[in-house]
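Participant: Next up is a structure, given as C-alpha cells.
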Amino acid sequence: MNYYRTNTCGELRKSDVGKEVILSGWVHSVRDHGGVIFIDLRDNYGLTQIVINPESACYQALDNWRVETVIRFTGKVVARAEGTVNPKLTTGEIEVAAENMEILGEAEVIPFQVAKDDQAPEAMRLKYRFLDLRKERLHKNIILRSQVIAEMRKYMTSIGFNEFQTPILTASSPEGARDYLVPSRLHPGQFYALPQAPQQFKQLLMVAGFDRYFQIAPCFRDEDARADRSPGEFYQLDIEMSFIEQDELFTVIEGLFHHIFGKFSTKKFTEGAFPRIPYLEAMRRFGSDKPDLRNPLEMIDVTENFRGCDFKAFASTVDNGGVVRAIKAPQVATKPRKFFDDMIAFAQENGAKGMAYIIWTAEGEKSPIVKFLNPEILASLKAAGDIQEGDALFFLADNEKLVQKVGGAVITQLGKVLELINNDEFKFCWIVDFPMFELDEETNQVCFSHNPFSMPQGGMDALLNKDPLEILAYQYDIVCNGIELSSGAIRNHMPSVMYKAFEIAGYDRSVVDDKFGGMINAFKLGAPPHGGIAPGVDRTVMLLADEPNIREVIAFPFNQQAQDLMMNAPAPVSLKQLRELHLQVVMPKKPNQNENSEK
RNA sequence: GGGGGAGUAGCUCAAUUGGUUAGAGUACCACCCUGUCACGGUGGAUGUUGCGGGUUCAAGUCCCGUCUCUCUCGCCA
C-alpha cells in the first residue's frame with residue numbers, strides 16, 4: 001500500500017463510507033471551531049473535507065501549521081449528516097474523520113492567497129509561479145493545455161502524419177525575427193541560433209520523402225511581447241505536407257480545428273469550411289489582416305458618393321486619389337454627444353485628421369456635415385450603409401493606408417463600446433492571397449512582403465510577365481476571433497523560381513546560395529511540391545480557456561521584458577564561462593542593472 | 001525605441017480643494033467558539049506612500065527626473 005495515499009482528494013464518494021483511507025495534499029483552508037476543526041485538503045484532483053474531532057489523536061498536533069502546508073492524514077470516510085452536505089464539492093457527500101496526521105512539507109506564510117480570489121500583481125505571481133499554479137484557474141489551464149497537445153498529437157497521427165524532432169541548436173537565419181544566439185565553445189567567434197521555427201528542417205523532411213510531418217515545436221524569437229505573444233519562446237503545431245494544393249491543406253486544418261474546438265469547448269464555432277478572405281479585401285473591409293468576425297462592423301466604400309460634393313474636405317480628398325469609407329454604428333441615435341466626440345478623439349489619436357458622422361433619426365439626418373450634402377448624396381449613403389432609423393455612419397477620408405489603419409481601430413473600438421461582440425462563439429477565417437512583394441517605403445524598392453519561400457501564384461510565368469506588386473503568393477493566415485493562429489504557405493520548391501523571386505527583391509543569386517544553401521541545394525536534387533502551416537499552441541489554448549493573456553496558459557512564462565522572475569533568468573555568468581566561450585561583455589553606456597559578476 | 005495606464009501594510013484597495021497620528025478587508029500573531037465549507041467573535045502587530053529632487057507653513061496628493069510592472073505602436077520572413 002502506498003504510504004502517502006490510498007485515494008486522491010477528488011475521489012471519495014458516498015459508496016466509500018466506512019473505508020480507512022490515507023490522503024495527502026495541501027491545506028486549502030481551515031475552519032477551527034474551538035472543538036471540531038475542518039480542513040479542506042487539496043491535490044491535483046480536488047478537495048476533500050477532513051474533520052478533526054477533539055478526541056482524535058491528531059487534535060493536539062494541530063499547532064503551528066499554515067495553509068498550503070502539505071499534510072498526510074489517515075482516517076475513516078464518513079457520510080456527512082443531512083444539511084451538512086456541500087453540493088459545490090464533488091466529494092461533498094463525505095468527509096474524512098482524521099485519526100492521524102503527519103506534516104510532509106511545511107509552508108511558511110505565503111506571499112499571496114491561493115484559496116481565495118485575490119489578484120496578486122503579475123510580477124509576484126511570476127516570481128512564485130509554483131504557488132500561482134496551485135490556483136484552480138491556472139491549474140485547469142495547464143491541464144487543458146496538456147490535453148489539447150495530447151489530442152493534437154492523436155489527431156495528426158490518426159490522419160497519417162508522423163511526428164519528427166528537429167534541432168534546437170541550429171544556424172542563424174538572415175530573414176525574419178531577431179535570433180537568440182548560442183556561442184560555440186569549439187569554434188571561437190561562431191554561434192548557433194535557436195530556431196525561430198523549424199521551417200527549413202520541415203521542408204527538408206519533405207524533400208527527404210516523409211510526406212506528412214508534424215511537431216509540437218518550440219520556437220524562439222527575440223521580439224517584444226504582446227498580450228497574445230509571449231516573448232522569447234512559444235510552441236506551434238508545426239505541419240508540412242507534400243503533393244498538396246492550398247485547398248487540400250485548408251481541409252486538413254479545418255478538420256483539426258473542428259476536432260479540437262469541438263472536444264475542448266462548448267462554444268459555437270465556425271462549421272464546415274472557414275470563410276476565405278483575400279488579404280486586400282480584408283484590409284479594405286476590416287482594416288486588418290486578422291479581423292474579428294464576431295464583430296459585425298466593416299468599412300463600406302463611399303468614395304464615389306462624395307466625389308464632387310460640396311463638403312470640400314472630402315471632395316478634395318477624393319480628387320487627390322484618396323478614399324472615403326463609412327462604418328455603421330447601429331442604434332446610437334440616443335447616445336449622448338460625448339459618445340460621438342469620444343469616437344472622433346479616438347480616431348484622431350490613431351492618426352486621422354478627423355472623423356465625420358451622420359445620424360439617421362425620426363426627425364431626419366443629424367450631422368455637422370449634413371448642410372453640405374444634397375438629398376441624393378444622403379439617400380445614397382443611407383442605401384450604402386443599409387441604414388435603419390437610429391443608426392449612424394462614421395466617415396473617414398484620407399489615403400487608403402491611413403483609412404484602413406484608423407478604420408480598423410474604430411471598428412474594434414465600436415465593437416467594444418457598443419458590446420457587439422458575442423463572446424460565446426469562435427469565428428474562424430482564412431486570409432488568403434497575400435501579395436508576394438511590396439514597396440519598401442524608405443528605399444522605394446520592391447521587397448518580399450511576407451515569406452520569401454512562398455510559391456508565387458502563376459509561378460515563373462508571373463515572375464517574368466507581371467508587375468511584381470500585382471503578384472500574389474500561395475500564402476495564408478488562419479484567424480480566430482481576431483487572433484492570428486498561424487501563417488502558412490505553399491512553398492516555392494523550384495530553384496529557378498526561387499532565384500527569380502529573390503532577384504526581383506534585389507538579391508543576387510550568390511546571396512541565395514550563401515544564405516539558403518542548405519535548402520536550395522536540396523531543391524536541386526528532386527523536391528516535391530509541398531506546403532504547410534504552424535498554428536500556435538499557446539494561442540489556441542488561450543482561446544479555448546477564454547483567457548485574455550497568453551501567460552495564463554503557459555506554466556512558466558517570461559514577463560514582458562523576457563525575464564523569468566522565478567529562475568532569475570537571464571543572469572550574468574562567470575568570467576570562467578565567458579572565457580571558455582571566447583566572449584567578452586561590452587556593457588551599454590547607460591549604467592544598467594545587469595553588471596557582470598566578478599567570479 | 002515611441003505612446004497610454006499603474007505603483008500606498010505580505011496581498012486587494014481607501015484617504016474631499018494639498019491640512020492633525022495614512023485607514024479598511026484579507027493574510028499574520030494571541031485568545032474564545034463542536035458542523036463549518038470565503039465559518040464566526042475579541043484583541044494585537046504590520047508602512048522609507050517605488051526611488052531621488054523640487055514647490056509649500058504643510059505633499060500619498062502638485063511639479064521635474066528616475067525605476068518597475070502592464071497595455072500598445074514599431075518589431076514579429
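Chain identifiers are assigned as A, B, and so on, following the order in which chains appear in the C-alpha cells; residues are numbered from 1 within each chain, and ligands are numbered from 1 in order of appearance.
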So which residues touch A:Pro435 within 10 Å, counting only C-alpha atoms (C1' of nucleotides), skipping near sequence neighbours fewer than 3 positions away, as a list in words?
Facilitator: Pro278, Tyr279, Leu280, Val432, Glu438, Phe448, Ser449, His450, Asn451, Pro456, Gln457, Pro468, Leu469, Glu470, Ile471, Leu472, Ala473, Tyr474 and Gln475 of chain A
Participant: Using C-alpha atoms, can you export the residues from the last selection as a short mmCIF file (atom, residue, chain, number, x, y, z; two decimals), in the first residue's frame?
Facilitator:
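Ended up saving to part.cif:
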```
data_model
loop_
_atom_site.label_atom_id
_atom_site.label_comp_id
_atom_site.auth_asym_id
_atom_site.auth_seq_id
_atom_site.Cartn_x
_atom_site.Cartn_y
_atom_site.Cartn_z
CA PRO A 278 -8.31 37.76 -49.76
CA TYR A 279 -5.76 39.90 -47.95
CA LEU A 280 -6.55 43.08 -49.87
CA VAL A 432 -5.53 34.28 -48.46
CA GLU A 438 5.60 45.20 -51.64
CA PHE A 448 9.30 40.48 -50.03
CA SER A 449 6.12 41.38 -48.22
CA HIS A 450 5.91 38.27 -46.06
CA ASN A 451 7.54 34.94 -46.68
CA PRO A 456 4.09 32.92 -56.27
CA GLN A 457 0.68 32.35 -57.83
CA PRO A 468 5.83 42.35 -59.16
CA LEU A 469 3.47 44.35 -56.96
CA GLU A 470 0.50 42.59 -58.59
CA ILE A 471 1.79 39.08 -57.91
CA LEU A 472 0.01 37.13 -55.19
CA ALA A 473 1.53 34.32 -53.18
CA TYR A 474 0.15 30.99 -52.02
CA GLN A 475 0.43 32.38 -48.54
#
```
Participant: Hey, which bits of chain A sit within 7 Å of chain B, and for each residue what's the closest pair of atoms and how far apart in Å (one decimal), counting only C-alpha atoms (C1' of nucleotides), rows by chain and increasing number, as JSON lines?
Facilitator:
```
{"residue": "A:Arg31", "atom": "CA", "partner": "B:C39", "partner_atom": "C1'", "distance": 6.0}
{"residue": "A:His33", "atom": "CA", "partner": "B:C33", "partner_atom": "C1'", "distance": 5.5}
{"residue": "A:Gly34", "atom": "CA", "partner": "B:C33", "partner_atom": "C1'", "distance": 5.1}
{"residue": "A:Gly35", "atom": "CA", "partner": "B:U34", "partner_atom": "C1'", "distance": 4.5}
{"residue": "A:Val36", "atom": "CA", "partner": "B:U34", "partner_atom": "C1'", "distance": 4.9}
{"residue": "A:Phe38", "atom": "CA", "partner": "B:U36", "partner_atom": "C1'", "distance": 6.8}
{"residue": "A:Thr84", "atom": "CA", "partner": "B:G35", "partner_atom": "C1'", "distance": 6.9}
{"residue": "A:Pro111", "atom": "CA", "partner": "B:G10", "partner_atom": "C1'", "distance": 5.3}
{"residue": "A:Phe112", "atom": "CA", "partner": "B:C11", "partner_atom": "C1'", "distance": 5.3}
{"residue": "A:Lys116", "atom": "CA", "partner": "B:A38", "partner_atom": "C1'", "distance": 6.9}
{"residue": "A:Asp118", "atom": "CA", "partner": "B:U12", "partner_atom": "C1'", "distance": 6.6}
{"residue": "A:Gln119", "atom": "CA", "partner": "B:U12", "partner_atom": "C1'", "distance": 6.9}
{"residue": "A:Ala120", "atom": "CA", "partner": "B:C11", "partner_atom": "C1'", "distance": 6.2}
{"residue": "A:Ala123", "atom": "CA", "partner": "B:C69", "partner_atom": "C1'", "distance": 6.9}
{"residue": "A:Glu175", "atom": "CA", "partner": "B:A77", "partner_atom": "C1'", "distance": 5.2}
{"residue": "A:Gly176", "atom": "CA", "partner": "B:A77", "partner_atom": "C1'", "distance": 4.0}
{"residue": "A:Ala177", "atom": "CA", "partner": "B:C76", "partner_atom": "C1'", "distance": 6.1}
{"residue": "A:Glu223", "atom": "CA", "partner": "B:C76", "partner_atom": "C1'", "distance": 6.2}
{"residue": "A:His450", "atom": "CA", "partner": "B:A77", "partner_atom": "C1'", "distance": 5.6}
{"residue": "A:Asn451", "atom": "CA", "partner": "B:A77", "partner_atom": "C1'", "distance": 4.7}
{"residue": "A:Pro452", "atom": "CA", "partner": "B:A77", "partner_atom": "C1'", "distance": 6.5}
```
Participant: Please identify the strand (DSSP E) residues within stretch 348-510 of chain A (assignment by DSSP from backbone atoms) and present them as an MDAnalysis selection string.
Facilitator: chainID A and resid 356:361 364:366 392:398 425:426 428:432 437:439 446:448 475:480 483:490
Participant: Mind listing the helix (DSSP H, G or I) residues of stretch 42-247 of chain A, per DSSP on the backbone, as a ChimeraX atom specification?
Facilitator: /A:122-127,129-132,136-158,199-207,246-247
Participant: Generate a file of the selected residues that holds N, CA and C atoms, formatted as a compact mmCIF listing (two decimals), in the first residue's frame.
Facilitator:
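Now in again.txt:
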```txt
# COMPACT_ATOMS: atom_id res chain seq x y z
N GLU A 122 1.27 40.89 -11.17
CA GLU A 122 1.88 39.96 -12.12
C GLU A 122 3.30 39.55 -11.72
N ALA A 123 4.10 40.53 -11.32
CA ALA A 123 5.49 40.22 -11.01
C ALA A 123 5.59 39.22 -9.86
N MET A 124 4.72 39.40 -8.86
CA MET A 124 4.73 38.48 -7.72
C MET A 124 4.23 37.10 -8.14
N ARG A 125 3.20 37.08 -8.96
CA ARG A 125 2.68 35.80 -9.45
C ARG A 125 3.75 35.05 -10.23
N LEU A 126 4.55 35.78 -10.99
CA LEU A 126 5.56 35.11 -11.81
C LEU A 126 6.73 34.64 -10.95
N LYS A 127 7.06 35.42 -9.91
CA LYS A 127 8.16 35.03 -9.04
C LYS A 127 7.81 33.76 -8.27
N ARG A 129 5.59 31.38 -9.21
CA ARG A 129 4.71 30.75 -10.20
C ARG A 129 4.16 29.43 -9.71
N PHE A 130 4.97 28.64 -8.99
CA PHE A 130 4.52 27.33 -8.49
C PHE A 130 3.33 27.49 -7.56
N LEU A 131 3.29 28.63 -6.85
CA LEU A 131 2.17 28.91 -5.95
C LEU A 131 0.94 29.33 -6.77
N ASP A 132 1.19 30.19 -7.74
CA ASP A 132 0.11 30.66 -8.60
C ASP A 132 -0.53 29.49 -9.34
N GLU A 136 -6.92 27.27 -8.81
CA GLU A 136 -7.76 26.42 -9.64
C GLU A 136 -7.74 26.83 -11.11
N ARG A 137 -7.88 28.13 -11.36
CA ARG A 137 -7.99 28.59 -12.74
C ARG A 137 -6.75 28.25 -13.55
N LEU A 138 -5.59 28.59 -13.00
CA LEU A 138 -4.34 28.36 -13.71
C LEU A 138 -4.05 26.86 -13.82
N HIS A 139 -4.34 26.16 -12.75
CA HIS A 139 -4.14 24.72 -12.75
C HIS A 139 -4.94 24.07 -13.87
N LYS A 140 -6.19 24.50 -13.99
CA LYS A 140 -7.05 23.96 -15.05
C LYS A 140 -6.50 24.30 -16.44
N ASN A 141 -6.03 25.54 -16.60
CA ASN A 141 -5.49 25.95 -17.90
C ASN A 141 -4.34 25.07 -18.33
N ILE A 142 -3.45 24.76 -17.38
CA ILE A 142 -2.26 23.99 -17.74
C ILE A 142 -2.64 22.54 -18.05
N ILE A 143 -3.61 22.02 -17.31
CA ILE A 143 -4.11 20.68 -17.62
C ILE A 143 -4.77 20.67 -19.00
N LEU A 144 -5.56 21.72 -19.26
CA LEU A 144 -6.20 21.83 -20.58
C LEU A 144 -5.15 21.84 -21.69
N ARG A 145 -4.10 22.60 -21.46
CA ARG A 145 -3.03 22.68 -22.45
C ARG A 145 -2.45 21.29 -22.73
N SER A 146 -2.22 20.55 -21.65
CA SER A 146 -1.69 19.20 -21.79
C SER A 146 -2.63 18.33 -22.62
N GLN A 147 -3.92 18.46 -22.33
CA GLN A 147 -4.90 17.63 -23.05
C GLN A 147 -5.02 18.04 -24.51
N VAL A 148 -4.95 19.35 -24.76
CA VAL A 148 -5.04 19.83 -26.14
C VAL A 148 -3.86 19.31 -26.96
N ILE A 149 -2.67 19.39 -26.36
CA ILE A 149 -1.48 18.91 -27.07
C ILE A 149 -1.58 17.41 -27.33
N ALA A 150 -2.03 16.68 -26.33
CA ALA A 150 -2.17 15.23 -26.50
C ALA A 150 -3.16 14.92 -27.62
N GLU A 151 -4.24 15.70 -27.67
CA GLU A 151 -5.26 15.47 -28.69
C GLU A 151 -4.75 15.86 -30.08
N MET A 152 -3.96 16.92 -30.13
CA MET A 152 -3.36 17.32 -31.41
C MET A 152 -2.49 16.18 -31.95
N ARG A 153 -1.67 15.62 -31.07
CA ARG A 153 -0.81 14.51 -31.49
C ARG A 153 -1.65 13.34 -31.98
N LYS A 154 -2.67 13.02 -31.20
CA LYS A 154 -3.51 11.88 -31.53
C LYS A 154 -4.18 12.08 -32.89
N TYR A 155 -4.72 13.28 -33.06
CA TYR A 155 -5.45 13.57 -34.30
C TYR A 155 -4.52 13.55 -35.50
N MET A 156 -3.39 14.22 -35.39
CA MET A 156 -2.47 14.29 -36.52
C MET A 156 -1.99 12.90 -36.89
N THR A 157 -1.67 12.11 -35.87
CA THR A 157 -1.22 10.74 -36.13
C THR A 157 -2.31 9.93 -36.82
N SER A 158 -3.56 10.17 -36.37
CA SER A 158 -4.67 9.37 -36.90
C SER A 158 -4.92 9.66 -38.37
N GLN A 199 11.35 25.78 -39.89
CA GLN A 199 10.93 25.97 -41.29
C GLN A 199 11.75 25.15 -42.29
N GLN A 200 13.06 25.37 -42.28
CA GLN A 200 13.87 24.70 -43.30
C GLN A 200 13.92 23.20 -43.06
N PHE A 201 13.96 22.81 -41.78
CA PHE A 201 14.03 21.37 -41.50
C PHE A 201 12.79 20.63 -41.98
N LYS A 202 11.62 21.25 -41.76
CA LYS A 202 10.43 20.52 -42.16
C LYS A 202 10.33 20.44 -43.67
N GLN A 203 10.81 21.48 -44.35
CA GLN A 203 10.82 21.41 -45.81
C GLN A 203 11.81 20.35 -46.28
N LEU A 204 12.95 20.25 -45.58
CA LEU A 204 13.94 19.24 -45.95
C LEU A 204 13.39 17.83 -45.69
N LEU A 205 12.55 17.69 -44.67
CA LEU A 205 11.92 16.38 -44.43
C LEU A 205 10.98 16.02 -45.59
N MET A 206 10.37 17.03 -46.19
CA MET A 206 9.54 16.77 -47.37
C MET A 206 10.42 16.31 -48.54
N VAL A 207 11.54 17.02 -48.71
CA VAL A 207 12.48 16.63 -49.77
C VAL A 207 12.99 15.21 -49.52
N GLN A 246 -3.29 24.21 -51.96
CA GLN A 246 -3.73 25.04 -50.84
C GLN A 246 -5.06 24.54 -50.25
N ASP A 247 -6.02 24.26 -51.12
CA ASP A 247 -7.35 23.89 -50.63
C ASP A 247 -7.34 22.59 -49.83
```
Participant: Could you please determine the separation between atom CA of A:Glu11 and atom CA of A:Gly25 in Å, to one decimal place?
Facilitator: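 Between atom CA of A:Glu11 and atom CA of A:Gly25 the gap is 12.9 Å.
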Participant: Could you name the residues that touch A:Gln196 at 7 Å or less, counting only C-alpha atoms (C1' of nucleotides), but leaving out those on the same chain fewer than 3 positions away, as a VMD selection string?
Facilitator: chain A and resid 179 219 to 221
Participant: Would you mind exporting N, CA and C atoms of the selected residues as a PDB file, in the first residue's frame?
Facilitator:
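Saved file out.pdb follows:
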```pdb
ATOM      1  N   ASP A 179      17.260  36.680 -33.838  1.00  0.00           N
ATOM      2  CA  ASP A 179      17.588  35.337 -33.334  1.00  0.00           C
ATOM      3  C   ASP A 179      18.057  35.372 -31.889  1.00  0.00           C
ATOM      4  N   CYS A 219       9.641  27.345 -30.568  1.00  0.00           N
ATOM      5  CA  CYS A 219      10.179  28.363 -31.462  1.00  0.00           C
ATOM      6  C   CYS A 219      10.714  29.503 -30.620  1.00  0.00           C
ATOM      7  N   PHE A 220      11.779  30.113 -31.088  1.00  0.00           N
ATOM      8  CA  PHE A 220      12.448  31.143 -30.294  1.00  0.00           C
ATOM      9  C   PHE A 220      12.601  32.415 -31.113  1.00  0.00           C
ATOM     10  N   ARG A 221      12.062  33.499 -30.619  1.00  0.00           N
ATOM     11  CA  ARG A 221      12.205  34.776 -31.326  1.00  0.00           C
ATOM     12  C   ARG A 221      12.471  35.874 -30.308  1.00  0.00           C
TER      13      ARG A 221
END
```
